[in-house]
$ cat data09.txt   # compact mmCIF, C-alpha atoms
# COMPACT_ATOMS: atom_id res chain seq x y z
CA MET Q 1 -83.74 6.73 -16.09
CA MET Q 2 -86.42 8.46 -14.05
CA GLN Q 3 -85.69 11.25 -11.67
CA GLY Q 4 -84.87 9.81 -8.27
CA ASP Q 5 -83.48 6.56 -9.69
CA LEU Q 6 -79.82 6.08 -8.84
CA GLU Q 7 -77.50 4.32 -11.23
CA GLN Q 8 -75.53 1.53 -9.56
CA PRO Q 9 -71.76 1.80 -10.03
CA ASP Q 10 -69.90 -1.10 -11.64
CA THR Q 11 -68.66 -3.61 -9.12
CA VAL Q 12 -64.91 -4.04 -8.94
CA GLU Q 13 -63.58 -7.40 -7.83
CA PHE Q 14 -60.14 -7.78 -6.34
CA ASP Q 15 -58.08 -10.96 -6.50
CA THR Q 16 -57.19 -11.28 -2.83
CA GLU Q 17 -55.13 -14.43 -3.43
CA ALA Q 18 -52.75 -12.82 -5.91
CA ALA Q 19 -49.31 -12.30 -4.42
CA ALA Q 20 -48.37 -8.71 -3.77
CA PRO Q 21 -45.18 -7.65 -5.51
CA GLU Q 22 -42.11 -8.19 -3.39
CA PRO Q 23 -40.80 -4.88 -2.07
CA ALA Q 24 -37.46 -3.74 -3.41
CA ARG Q 25 -34.66 -4.70 -1.07
CA ASP Q 26 -30.93 -4.49 -0.78
CA VAL Q 27 -29.10 -7.68 -1.69
CA TYR Q 28 -25.53 -8.77 -1.03
CA PHE Q 29 -23.78 -9.90 -4.21
CA CYS Q 30 -20.52 -11.81 -3.81
CA ARG Q 31 -18.01 -12.34 -6.58
CA VAL Q 32 -16.71 -15.85 -6.11
CA SER Q 33 -13.67 -17.33 -7.85
CA LEU Q 34 -14.55 -20.97 -8.47
CA LEU Q 35 -11.80 -23.37 -7.46
CA SER Q 36 -12.86 -25.90 -10.12
CA ASN Q 37 -12.18 -23.67 -13.13
CA GLY Q 38 -10.94 -20.25 -11.97
CA LYS Q 39 -14.02 -18.43 -13.33
CA THR Q 40 -15.38 -15.56 -11.28
CA GLU Q 41 -19.16 -15.40 -10.94
CA TYR Q 42 -21.73 -13.45 -8.94
CA PHE Q 43 -23.71 -15.21 -6.22
CA ARG Q 44 -26.10 -13.65 -3.74
CA THR Q 45 -26.43 -14.13 -0.02
CA ASP Q 46 -28.34 -12.94 3.04
CA ASP Q 47 -25.53 -14.17 5.31
CA GLN Q 48 -23.78 -11.05 6.53
CA THR Q 49 -21.05 -13.10 8.24
CA ILE Q 50 -19.48 -14.07 4.89
CA LYS Q 51 -16.37 -12.02 4.20
CA ARG Q 52 -13.74 -11.64 1.49
CA GLY Q 53 -11.35 -14.62 1.49
CA ASP Q 54 -13.93 -17.09 2.84
CA ILE Q 55 -14.30 -20.44 1.10
CA VAL Q 56 -17.97 -21.01 0.20
CA THR Q 57 -20.06 -23.76 -1.36
CA VAL Q 58 -22.07 -22.67 -4.39
CA PRO Q 59 -24.38 -24.38 -6.89
CA ASP Q 60 -22.73 -25.62 -10.09
CA GLY Q 61 -25.20 -27.15 -12.52
CA GLU Q 62 -26.63 -30.29 -10.94
CA SER Q 63 -23.99 -30.38 -8.20
CA THR Q 64 -21.98 -27.98 -6.06
CA THR Q 65 -18.46 -26.59 -6.07
CA THR Q 66 -16.35 -24.39 -3.82
CA GLY Q 67 -14.90 -20.98 -4.39
CA VAL Q 68 -13.17 -18.06 -2.73
CA VAL Q 69 -15.13 -14.87 -2.07
CA VAL Q 70 -13.18 -12.08 -3.78
CA SER Q 71 -15.63 -9.23 -3.11
CA ILE Q 72 -18.93 -8.50 -1.39
CA ASP Q 73 -21.11 -5.53 -2.21
CA ARG Q 74 -24.62 -4.49 -1.23
CA TYR Q 75 -26.85 -3.32 -4.06
CA SER Q 76 -30.32 -1.83 -4.23
CA SER Q 77 -32.77 -3.20 -6.79
CA SER Q 78 -32.02 -0.37 -9.21
CA THR Q 79 -28.28 -1.16 -9.21
CA TYR Q 80 -28.09 -4.98 -9.16
CA PRO Q 81 -25.03 -6.04 -11.23
CA GLN Q 82 -27.15 -8.71 -12.92
CA PRO Q 83 -30.81 -9.79 -12.71
CA LEU Q 84 -31.67 -11.25 -9.31
CA GLU Q 85 -33.52 -14.19 -10.87
CA ASP Q 86 -30.34 -15.12 -12.79
CA THR Q 87 -28.13 -15.04 -9.67
CA LYS Q 88 -27.74 -18.26 -7.71
CA GLU Q 89 -27.48 -18.16 -3.94
CA ILE Q 90 -24.42 -19.15 -1.90
CA ILE Q 91 -25.17 -22.43 -0.14
CA GLY Q 92 -22.91 -21.68 2.82
CA LEU Q 93 -19.44 -21.40 4.27
CA THR Q 94 -17.17 -24.38 3.74
CA LYS Q 95 -15.68 -25.71 6.95

$ encode --input "data09.txt" --output "structure tokens"
Amino acid sequence: MMQGDLEQPDTVEFDTEAAAPEPARDVYFCRVSLLSNGKTEYFRTDDQTIKRGDIVTVPDGESTTTGVVVSIDRYSSSTYPQPLEDTKEIIGLTK
């Protein structure tokens, strides 16, 4: 390289279409006692109107079932009781 010549820096390309990681957020986990078999399982919800004792509809394999909410707790991403991707979401309150 001769004096006065400037070396060009490497070009960095950014993938602008790649999804940014989802920010950590608090999630409500509900323990629901399933009426069909008595098992208690975690489900998640964004519905802050659901309370302990409510009857809710939840996914159950290829169909749905109902259950009683026995507890509701809010967890941060570092304290989730089980992986978020393994936790099904409450479909809604049963009328």

$ residues_near_point --input "data09.txt" --point "(-15.3, -15.2, -11.2)" --cutoff "12 Å" --atoms "all atoms listed in the file" --output "tab-separated table (two decimals) with C-alpha atoms, keeping the file's coordinate frame"
chain	number	residue	atom	x	y	z
Q	30	CYS	CA	-20.52	-11.81	-3.81
Q	31	ARG	CA	-18.01	-12.34	-6.58
Q	32	VAL	CA	-16.71	-15.85	-6.11
Q	33	SER	CA	-13.67	-17.33	-7.85
Q	34	LEU	CA	-14.55	-20.97	-8.47
Q	35	LEU	CA	-11.80	-23.37	-7.46
Q	36	SER	CA	-12.86	-25.90	-10.12
Q	37	ASN	CA	-12.18	-23.67	-13.13
Q	38	GLY	CA	-10.94	-20.25	-11.97
Q	39	LYS	CA	-14.02	-18.43	-13.33
Q	40	THR	CA	-15.38	-15.56	-11.28
Q	41	GLU	CA	-19.16	-15.40	-10.94
Q	42	TYR	CA	-21.73	-13.45	-8.94
Q	43	PHE	CA	-23.71	-15.21	-6.22
Q	66	THR	CA	-16.35	-24.39	-3.82
Q	67	GLY	CA	-14.90	-20.98	-4.39
Q	68	VAL	CA	-13.17	-18.06	-2.73
Q	69	VAL	CA	-15.13	-14.87	-2.07
Q	70	VAL	CA	-13.18	-12.08	-3.78
Q	71	SER	CA	-15.63	-9.23	-3.11

$ atom_distance --input "data09.txt" --atom1 "atom CA of Q:Gly53" --atom2 "atom CA of Q:Pro81"
20.6 Å

$ residues_around --input "data09.txt" --residues "stretch 84-90 of chain Q" --least-positions-apart "3" --cutoff "6 Å" --atoms "all atoms listed in the file" --output "MDAnalysis selection string"
chainID Q and resid 43:45 58

$ atom_distance --input "data09.txt" --atom1 "atom CA of Q:Ile50" --atom2 "atom CA of Q:Phe29"
10.9 Å

$ atom_distance --input "data09.txt" --atom1 "atom CA of Q:Pro83" --atom2 "atom CA of Q:Asp47"
19.3 Å

$ closest_residue --input "data09.txt" --among "Q:Thr64, Q:Pro59, Q:Gln82, Q:Ile91" --to "Q:Asp46" --atoms "only C-alpha atoms"
Q:Ile91

$ residues_around --input "data09.txt" --residues "Q:Lys95" --least-positions-apart "6" --cutoff "12 Å" --atoms "all atoms listed in the file" --output "VMD selection string"
chain Q and resid 54 to 57 66

$ closest_residue --input "data09.txt" --among "Q:Thr49, Q:Arg25, Q:Ser63, Q:Thr94" --to "Q:Tyr80" --atoms "only C-alpha atoms"
Q:Arg25

$ closest_residue --input "data09.txt" --among "Q:Gly92, Q:Glu62, Q:Arg74, Q:Thr79" --to "Q:Asp26" --atoms "all atoms listed in the file"
Q:Arg74
